[in-house]
file start-v1.pdb (PDB, C-alpha atoms)
ATOM      1  CA  ALA A   8     117.560  27.150 -39.148
ATOM      2  CA  LEU A   9     117.917  27.635 -42.883
ATOM      3  CA  GLY A  10     118.133  23.869 -43.379
ATOM      4  CA  LEU A  11     121.470  23.688 -41.583
ATOM      5  CA  ALA A  12     122.358  21.473 -38.626
ATOM      6  CA  HIS A  13     120.206  21.817 -35.512
ATOM      7  CA  THR A  14     121.439  24.336 -32.941
ATOM      8  CA  SER A  15     120.633  23.746 -29.277
ATOM      9  CA  PHE A  16     118.030  26.037 -27.768
ATOM     10  CA  ARG A  17     120.581  27.275 -25.261
ATOM     11  CA  GLU A  18     122.955  28.214 -28.102
ATOM     12  CA  ALA A  19     120.119  29.821 -30.085
ATOM     13  CA  THR A  20     119.324  31.868 -26.959
ATOM     14  CA  ARG A  21     122.980  32.943 -26.707
ATOM     15  CA  GLN A  22     122.936  33.979 -30.362
ATOM     16  CA  ALA A  23     119.699  35.943 -29.911
ATOM     17  CA  LEU A  24     121.148  37.687 -26.870
ATOM     18  CA  ALA A  25     124.298  38.595 -28.832
ATOM     19  CA  TYR A  26     122.087  40.079 -31.548
ATOM     20  CA  VAL A  27     120.144  42.153 -28.990
ATOM     21  CA  GLU A  28     123.435  43.402 -27.543
ATOM     22  CA  ARG A  29     124.624  44.520 -30.985
ATOM     23  CA  ARG A  30     121.259  45.928 -32.050
ATOM     24  CA  TYR A  31     120.786  48.040 -28.929
ATOM     25  CA  LYS A  32     124.480  48.727 -28.320
ATOM     26  CA  LEU A  33     124.443  47.020 -24.940
ATOM     27  CA  SER A  34     127.489  45.810 -23.118
ATOM     28  CA  LEU A  35     126.781  42.839 -20.875
ATOM     29  CA  SER A  36     129.353  41.050 -18.789
ATOM     30  CA  GLU A  37     129.965  37.358 -19.357
ATOM     31  CA  GLU A  38     128.245  36.707 -15.997
ATOM     32  CA  GLN A  39     125.154  38.705 -17.061
ATOM     33  CA  ARG A  40     124.968  36.777 -20.334
ATOM     34  CA  ARG A  41     125.268  33.471 -18.501
ATOM     35  CA  GLU A  42     122.536  34.464 -16.022
ATOM     36  CA  LEU A  43     120.166  35.531 -18.801
ATOM     37  CA  VAL A  44     120.661  32.291 -20.728
ATOM     38  CA  MET A  45     120.294  30.220 -17.541
ATOM     39  CA  ALA A  46     117.007  31.998 -16.694
ATOM     40  CA  TRP A  47     115.274  29.379 -18.856
ATOM     41  CA  ASP A  48     116.118  26.832 -16.156
ATOM     42  CA  ARG A  49     114.161  28.852 -13.593
ATOM     43  CA  LEU A  50     110.919  29.539 -15.437
ATOM     44  CA  THR A  51     107.960  30.196 -13.171
ATOM     45  CA  PRO A  52     104.746  28.365 -14.084
ATOM     46  CA  TRP A  53     101.601  30.336 -14.769
ATOM     47  CA  PRO A  54      99.624  30.780 -11.518
ATOM     48  CA  GLU A  55      96.905  28.225 -12.327
ATOM     49  CA  ALA A  56      99.249  25.648 -13.904
ATOM     50  CA  PRO A  57     100.073  23.527 -10.816
ATOM     51  CA  GLU A  58      96.416  23.001  -9.859
ATOM     52  CA  VAL A  59      95.288  22.388 -13.439
ATOM     53  CA  LEU A  60      98.064  19.833 -13.959
ATOM     54  CA  LYS A  61      97.312  18.060 -10.666
ATOM     55  CA  THR A  62      93.601  17.885 -11.514
ATOM     56  CA  LEU A  63      94.212  16.558 -15.028
ATOM     57  CA  LYS A  64      96.631  13.953 -13.682
ATOM     58  CA  ALA A  65      94.040  12.903 -11.053
ATOM     59  CA  ARG A  66      91.477  12.533 -13.860
ATOM     60  CA  GLY A  67      93.785  10.034 -15.535
ATOM     61  CA  TYR A  68      95.213  12.124 -18.351
ATOM     62  CA  ALA A  69      98.770  11.524 -19.498
ATOM     63  CA  LEU A  70     100.783  14.731 -19.380
ATOM     64  CA  ALA A  71     103.611  15.627 -21.711
ATOM     65  CA  ILE A  72     105.878  18.553 -22.455
ATOM     66  CA  LEU A  73     106.531  19.389 -26.110
ATOM     67  CA  SER A  74     108.910  22.304 -26.365
ATOM     68  CA  ASN A  75     111.670  24.067 -28.243
ATOM     69  CA  GLY A  76     113.814  23.778 -25.121
ATOM     70  CA  ASP A  77     116.723  21.393 -24.783
ATOM     71  CA  ARG A  78     115.977  18.160 -22.931
ATOM     72  CA  ASP A  79     117.953  19.169 -19.813
ATOM     73  CA  MET A  80     116.071  22.478 -19.662
ATOM     74  CA  LEU A  81     112.717  20.737 -19.955
ATOM     75  CA  LYS A  82     113.638  18.242 -17.241
ATOM     76  CA  ALA A  83     114.412  21.166 -14.896
ATOM     77  CA  VAL A  84     111.025  22.739 -15.662
ATOM     78  CA  ALA A  85     109.217  19.413 -15.191
ATOM     79  CA  ASP A  86     110.991  18.797 -11.891
ATOM     80  CA  SER A  87     109.801  22.182 -10.596
ATOM     81  CA  LEU A  88     106.131  21.271 -11.040
ATOM     82  CA  PRO A  89     103.994  19.278  -8.572
ATOM     83  CA  VAL A  90     103.168  16.442 -10.989
ATOM     84  CA  ALA A  91     105.173  13.827 -12.825
ATOM     85  CA  PHE A  92     105.065  14.212 -16.585
ATOM     86  CA  ASP A  93     104.584  11.009 -18.528
ATOM     87  CA  HIS A  94     106.616  12.207 -21.506
ATOM     88  CA  ILE A  95     109.025  14.984 -22.418
ATOM     89  CA  PHE A  96     109.540  15.789 -26.091
ATOM     90  CA  SER A  97     112.247  18.226 -27.108
ATOM     91  CA  CYS A  98     112.920  19.888 -30.432
ATOM     92  CA  GLU A  99     116.338  18.205 -30.214
ATOM     93  CA  GLU A 100     114.611  14.947 -31.161
ATOM     94  CA  ALA A 101     112.892  16.495 -34.186
ATOM     95  CA  GLY A 102     115.870  18.540 -35.336
ATOM     96  CA  HIS A 103     113.563  21.522 -35.860
ATOM     97  CA  TYR A 104     111.949  24.264 -33.814
ATOM     98  CA  LYS A 105     108.261  25.071 -33.564
ATOM     99  CA  PRO A 106     106.283  25.736 -35.636
ATOM    100  CA  HIS A 107     107.917  23.153 -37.951
ATOM    101  CA  PRO A 108     105.546  20.166 -38.418
ATOM    102  CA  GLU A 109     108.226  17.638 -37.402
ATOM    103  CA  ILE A 110     108.164  18.696 -33.756
ATOM    104  CA  TYR A 111     104.377  18.254 -33.574
ATOM    105  CA  ALA A 112     104.731  14.803 -35.140
ATOM    106  CA  LEU A 113     106.978  13.626 -32.265
ATOM    107  CA  PRO A 114     104.253  12.609 -29.783
ATOM    108  CA  VAL A 115     102.134  11.105 -32.550
ATOM    109  CA  ARG A 116     105.030   8.953 -33.730
ATOM    110  CA  LYS A 117     106.614   8.117 -30.355
ATOM    111  CA  LEU A 118     103.335   7.267 -28.623
ATOM    112  CA  ASN A 119     101.762   5.656 -31.686
ATOM    113  CA  LEU A 120      98.575   7.679 -31.235
ATOM    114  CA  GLU A 121      96.101   9.167 -33.646
ATOM    115  CA  ARG A 122      96.449  12.943 -33.815
ATOM    116  CA  THR A 123      92.886  13.318 -32.517
ATOM    117  CA  ARG A 124      93.922  11.554 -29.255
ATOM    118  CA  ILE A 125      96.339  14.380 -28.402
ATOM    119  CA  LEU A 126      95.406  17.875 -27.242
ATOM    120  CA  HIS A 127      98.288  20.265 -27.788
ATOM    121  CA  VAL A 128      98.306  23.148 -25.306
ATOM    122  CA  ALA A 129      99.955  26.198 -26.849
ATOM    123  CA  GLY A 130     101.255  29.279 -25.091
ATOM    124  CA  GLY A 131     101.785  31.412 -28.180
ATOM    125  CA  SER A 132     100.099  32.190 -31.478
ATOM    126  CA  SER A 133     102.755  30.604 -33.703
ATOM    127  CA  ASP A 134     102.738  27.460 -31.542
ATOM    128  CA  ALA A 135      98.951  27.226 -31.902
ATOM    129  CA  LEU A 136      99.207  27.739 -35.668
ATOM    130  CA  GLY A 137     101.919  25.077 -35.982
ATOM    131  CA  ALA A 138      99.955  22.515 -33.983
ATOM    132  CA  VAL A 139      96.760  23.020 -35.978
ATOM    133  CA  ALA A 140      98.655  23.006 -39.292
ATOM    134  CA  ALA A 141     100.194  19.685 -38.208
ATOM    135  CA  GLY A 142      96.704  18.268 -37.616
ATOM    136  CA  LEU A 143      96.589  18.365 -33.809
ATOM    137  CA  PRO A 144      93.617  19.633 -31.833
ATOM    138  CA  CYS A 145      94.894  22.684 -29.978
ATOM    139  CA  TYR A 146      94.061  24.599 -26.808
ATOM    140  CA  TRP A 147      95.649  28.054 -26.876
ATOM    141  CA  SER A 148      96.268  29.646 -23.490
ATOM    142  CA  ASN A 149      95.953  33.113 -25.003
ATOM    143  CA  ARG A 150      96.961  35.163 -21.983
ATOM    144  CA  THR A 151      97.411  38.426 -23.893
ATOM    145  CA  GLY A 152      94.286  38.247 -26.062
ATOM    146  CA  ASP A 153      96.284  38.039 -29.292
ATOM    147  CA  ALA A 154      94.580  37.617 -32.638
ATOM    148  CA  VAL A 155      94.807  34.262 -34.395
ATOM    149  CA  LEU A 156      97.654  34.424 -36.923
ATOM    150  CA  ASP A 157      95.741  32.675 -39.701
ATOM    151  CA  PRO A 158      92.002  31.969 -39.367
ATOM    152  CA  ALA A 159      92.454  28.898 -41.580
ATOM    153  CA  PHE A 160      94.531  27.424 -38.730
ATOM    154  CA  ALA A 161      92.603  28.705 -35.724
ATOM    155  CA  PRO A 162      93.065  26.707 -32.509
ATOM    156  CA  THR A 163      90.291  24.367 -31.463
ATOM    157  CA  TYR A 164      90.011  26.261 -28.167
ATOM    158  CA  ASP A 165      91.125  29.836 -27.431
ATOM    159  CA  ARG A 166      90.967  30.689 -23.723
ATOM    160  CA  PRO A 167      92.664  33.293 -21.504
ATOM    161  CA  ASP A 168      94.436  30.753 -19.291
ATOM    162  CA  LEU A 169      94.816  27.051 -18.544
ATOM    163  CA  SER A 170      91.777  26.729 -16.267
ATOM    164  CA  GLY A 171      89.506  26.223 -19.292
ATOM    165  CA  LEU A 172      91.150  22.830 -19.782
ATOM    166  CA  LEU A 173      89.251  21.577 -16.731
ATOM    167  CA  GLU A 174      85.926  22.306 -18.478
ATOM    168  CA  ILE A 175      87.018  20.605 -21.705
ATOM    169  CA  LEU A 176      88.816  17.573 -20.268
ATOM    170  CA  THR A 177      86.316  16.130 -17.809
TER
END
call {"tool": "encode", "arguments": {"input": "start-v1.pdb", "output": "structure tokens"}}
result
Amino acid sequence: ALGLAHTSFREATRQALAYVERRYKLSLSEEQRRELVMAWDRLTPWPEAPEVLKTLKARGYALAILSNGDRDMLKAVADSLPVAFDHIFSCEEAGHYKPHPEIYALPVRKLNLERTRILHVAGGSSDALGAVAAGLPCYWSNRTGDAVLDPAFAPTYDRPDLSGLLEILT
């Protein structure tokens, strides 16, 4: 942040939690803080995600994770899902967090692919904006029906969940 050295996602989460404690005058124990930070290692996939991922894998698509999370966190998430991911890209490699263009350039550069050969699947509006601004086609799993942040950078696809991927990627 602010052009300074990269901070791990886990540390950024600790810092955000400390801010929330100060802002709302909370008093958490060290154990509660640790549990809240470690919750990222136990994320639950969206209900349709396992089946969608299995179907896409069976159709021959390469699957990748591109996330702000630290590599060890992303490995834990990947290991909890019923498919093997072909690639895991962490913001640690880019030295920036989404929506910085460098993180979206990682798969393009590492896999030596044209941007049009990648479909970025976003879970949030700023992630969708960042992907499109970086030149990637984007599917936004817009679960809350949010408005597009900037119509000039609207996602290629805007659907309520991941199941729409099965109609697009045949």
call {"tool": "atom_distance", "arguments": {"input": "start-v1.pdb", "atom1": "atom CA of A:Trp47", "atom2": "atom CA of A:Pro162"}}
result
26.2 Å
call {"tool": "residues_around", "arguments": {"input": "start-v1.pdb", "residues": "A:Cys98", "least_positions_apart": "4", "cutoff": "7 Å", "atoms": "all atoms listed in the file", "output": "MDAnalysis selection string"}}
result
chainID A and resid 74:77 102:104 110
call {"tool": "atom_distance", "arguments": {"input": "start-v1.pdb", "atom1": "atom CA of A:Trp53", "atom2": "atom CA of A:Ala83"}}
result
15.8 Å
call {"tool": "resolve_selection", "arguments": {"input": "start-v1.pdb", "expression": "the PyMOL selection byres ((chain A and resi 132) around 9)", "output": "list in words"}}
result
Ala129, Gly130, Gly131, Ser133, Asp134, Ala135, Leu136, Gly137, Trp147, Asn149, Asp153, Ala154, Val155, Leu156 and Pro162 of chain A
call {"tool": "atom_distance", "arguments": {"input": "start-v1.pdb", "atom1": "atom CA of A:Asn119", "atom2": "atom CA of A:His94"}}
result
13.0 Å
call {"tool": "closest_residue", "arguments": {"input": "start-v1.pdb", "among": "A:Cys145, A:Leu63, A:Leu35, A:Ala12", "to": "A:Glu174", "atoms": "all atoms listed in the file"}}
result
A:Leu63
call {"tool": "residues_around", "arguments": {"input": "start-v1.pdb", "residues": "A:Ala85", "least_positions_apart": "6", "cutoff": "9 Å", "atoms": "all atoms listed in the file", "output": "PyMOL selection string"}}
result
chain A and resi 72+91-92+95
call {"tool": "resolve_selection", "arguments": {"input": "start-v1.pdb", "expression": "the PyMOL selection byres ((chain A and resi 69) around 6)", "output": "list in words"}}
result
Tyr68, Leu70 and Asp93 of chain A
call {"tool": "resolve_selection", "arguments": {"input": "start-v1.pdb", "expression": "the PyMOL selection byres ((chain A and resi 42-44) around 10)", "output": "JSON list (two decimals) with C-alpha atoms, keeping the file's coordinate frame"}}
result
[["chain", "number", "residue", "atom", "x", "y", "z"],
["A", 16, "PHE", "CA", 118.03, 26.04, -27.77],
["A", 17, "ARG", "CA", 120.58, 27.28, -25.26],
["A", 18, "GLU", "CA", 122.96, 28.21, -28.10],
["A", 19, "ALA", "CA", 120.12, 29.82, -30.08],
["A", 20, "THR", "CA", 119.32, 31.87, -26.96],
["A", 21, "ARG", "CA", 122.98, 32.94, -26.71],
["A", 23, "ALA", "CA", 119.70, 35.94, -29.91],
["A", 24, "LEU", "CA", 121.15, 37.69, -26.87],
["A", 36, "SER", "CA", 129.35, 41.05, -18.79],
["A", 37, "GLU", "CA", 129.96, 37.36, -19.36],
["A", 38, "GLU", "CA", 128.24, 36.71, -16.00],
["A", 39, "GLN", "CA", 125.15, 38.70, -17.06],
["A", 40, "ARG", "CA", 124.97, 36.78, -20.33],
["A", 41, "ARG", "CA", 125.27, 33.47, -18.50],
["A", 45, "MET", "CA", 120.29, 30.22, -17.54],
["A", 46, "ALA", "CA", 117.01, 32.00, -16.69],
["A", 47, "TRP", "CA", 115.27, 29.38, -18.86],
["A", 48, "ASP", "CA", 116.12, 26.83, -16.16]]
call {"tool": "closest_residue", "arguments": {"input": "start-v1.pdb", "among": "A:Ala140, A:Leu81, A:Leu172, A:Leu60", "to": "A:Pro158", "atoms": "all atoms listed in the file"}}
result
A:Ala140
call {"tool": "residues_around", "arguments": {"input": "start-v1.pdb", "residues": "A:Tyr146", "least_positions_apart": "3", "cutoff": "10 Å", "atoms": "all atoms listed in the file", "output": "list of chain:residue names"}}
result
A:Leu126, A:His127, A:Val128, A:Ala129, A:Gly130, A:Ala135, A:Ala138, A:Val139, A:Leu143, A:Asn149, A:Ala161, A:Pro162, A:Thr163, A:Tyr164, A:Asp165, A:Arg166, A:Asp168, A:Leu169, A:Gly171, A:Leu172, A:Ile175
call {"tool": "build_atoms", "arguments": {"input": "start-v1.pdb", "residues": "stretch 98-134 of chain A", "atoms": "N, CA and C atoms", "output": "short mmCIF file (atom, residue, chain, number, x, y, z; two decimals), in the coordinates of the input"}}
result
data_model
loop_
_atom_site.label_atom_id
_atom_site.label_comp_id
_atom_site.auth_asym_id
_atom_site.auth_seq_id
_atom_site.Cartn_x
_atom_site.Cartn_y
_atom_site.Cartn_z
N CYS A 98 112.62 19.62 -29.02
CA CYS A 98 112.92 19.89 -30.43
C CYS A 98 114.22 19.22 -30.85
N GLU A 99 115.09 18.91 -29.89
CA GLU A 99 116.34 18.20 -30.21
C GLU A 99 116.04 16.90 -30.95
N GLU A 100 114.97 16.22 -30.54
CA GLU A 100 114.61 14.95 -31.16
C GLU A 100 114.12 15.13 -32.60
N ALA A 101 113.45 16.25 -32.85
CA ALA A 101 112.89 16.50 -34.19
C ALA A 101 113.91 17.15 -35.11
N GLY A 102 114.88 17.83 -34.52
CA GLY A 102 115.87 18.54 -35.34
C GLY A 102 115.34 19.84 -35.91
N HIS A 103 114.20 20.28 -35.41
CA HIS A 103 113.56 21.52 -35.86
C HIS A 103 112.92 22.21 -34.67
N TYR A 104 112.68 23.50 -34.82
CA TYR A 104 111.95 24.26 -33.81
C TYR A 104 110.50 24.46 -34.25
N LYS A 105 109.63 24.68 -33.26
CA LYS A 105 108.26 25.07 -33.56
C LYS A 105 108.32 26.37 -34.37
N PRO A 106 107.47 26.52 -35.32
CA PRO A 106 106.28 25.74 -35.64
C PRO A 106 106.48 24.70 -36.75
N HIS A 107 107.68 24.18 -36.92
CA HIS A 107 107.92 23.15 -37.95
C HIS A 107 107.07 21.91 -37.64
N PRO A 108 106.43 21.32 -38.65
CA PRO A 108 105.55 20.17 -38.42
C PRO A 108 106.23 18.97 -37.76
N GLU A 109 107.52 18.80 -37.97
CA GLU A 109 108.23 17.64 -37.40
C GLU A 109 108.15 17.59 -35.89
N ILE A 110 108.20 18.73 -35.22
CA ILE A 110 108.16 18.70 -33.76
C ILE A 110 106.78 18.26 -33.26
N TYR A 111 105.73 18.65 -33.98
CA TYR A 111 104.38 18.25 -33.57
C TYR A 111 104.10 16.79 -33.89
N ALA A 112 104.88 16.22 -34.80
CA ALA A 112 104.73 14.80 -35.14
C ALA A 112 105.39 13.90 -34.09
N LEU A 113 106.27 14.45 -33.26
CA LEU A 113 106.98 13.63 -32.26
C LEU A 113 106.04 12.81 -31.38
N PRO A 114 105.10 13.43 -30.66
CA PRO A 114 104.25 12.61 -29.78
C PRO A 114 103.39 11.62 -30.55
N VAL A 115 102.95 12.01 -31.73
CA VAL A 115 102.13 11.10 -32.55
C VAL A 115 102.94 9.85 -32.87
N ARG A 116 104.16 10.06 -33.32
CA ARG A 116 105.03 8.95 -33.73
C ARG A 116 105.52 8.14 -32.52
N LYS A 117 106.02 8.82 -31.50
CA LYS A 117 106.61 8.12 -30.36
C LYS A 117 105.58 7.36 -29.53
N LEU A 118 104.38 7.91 -29.43
CA LEU A 118 103.34 7.27 -28.62
C LEU A 118 102.39 6.41 -29.45
N ASN A 119 102.60 6.43 -30.77
CA ASN A 119 101.76 5.66 -31.69
C ASN A 119 100.27 5.95 -31.46
N LEU A 120 99.95 7.24 -31.45
CA LEU A 120 98.58 7.68 -31.24
C LEU A 120 98.05 8.39 -32.47
N GLU A 121 96.75 8.34 -32.63
CA GLU A 121 96.10 9.17 -33.65
C GLU A 121 96.21 10.62 -33.19
N ARG A 122 96.34 11.51 -34.15
CA ARG A 122 96.45 12.94 -33.82
C ARG A 122 95.26 13.43 -32.98
N THR A 123 94.09 12.88 -33.23
CA THR A 123 92.89 13.32 -32.52
C THR A 123 92.90 12.90 -31.05
N ARG A 124 93.82 12.01 -30.65
CA ARG A 124 93.92 11.55 -29.26
C ARG A 124 94.85 12.44 -28.43
N ILE A 125 95.41 13.47 -29.06
CA ILE A 125 96.34 14.38 -28.40
C ILE A 125 95.72 15.77 -28.40
N LEU A 126 95.80 16.47 -27.28
CA LEU A 126 95.41 17.88 -27.24
C LEU A 126 96.67 18.67 -26.96
N HIS A 127 97.10 19.42 -27.95
CA HIS A 127 98.29 20.26 -27.79
C HIS A 127 97.87 21.55 -27.08
N VAL A 128 98.58 21.91 -26.03
CA VAL A 128 98.31 23.15 -25.31
C VAL A 128 99.40 24.14 -25.67
N ALA A 129 99.00 25.20 -26.34
CA ALA A 129 99.96 26.20 -26.85
C ALA A 129 99.96 27.44 -25.97
N GLY A 130 101.13 28.05 -25.85
CA GLY A 130 101.26 29.28 -25.09
C GLY A 130 101.43 30.50 -25.97
N GLY A 131 101.58 30.29 -27.27
CA GLY A 131 101.78 31.41 -28.18
C GLY A 131 101.07 31.19 -29.49
N SER A 132 100.87 32.27 -30.23
CA SER A 132 100.10 32.19 -31.48
C SER A 132 100.77 31.33 -32.54
N SER A 133 102.09 31.42 -32.67
CA SER A 133 102.76 30.60 -33.70
C SER A 133 102.77 29.13 -33.31
N ASP A 134 102.81 28.84 -32.01
CA ASP A 134 102.74 27.46 -31.54
C ASP A 134 101.35 26.89 -31.85
#
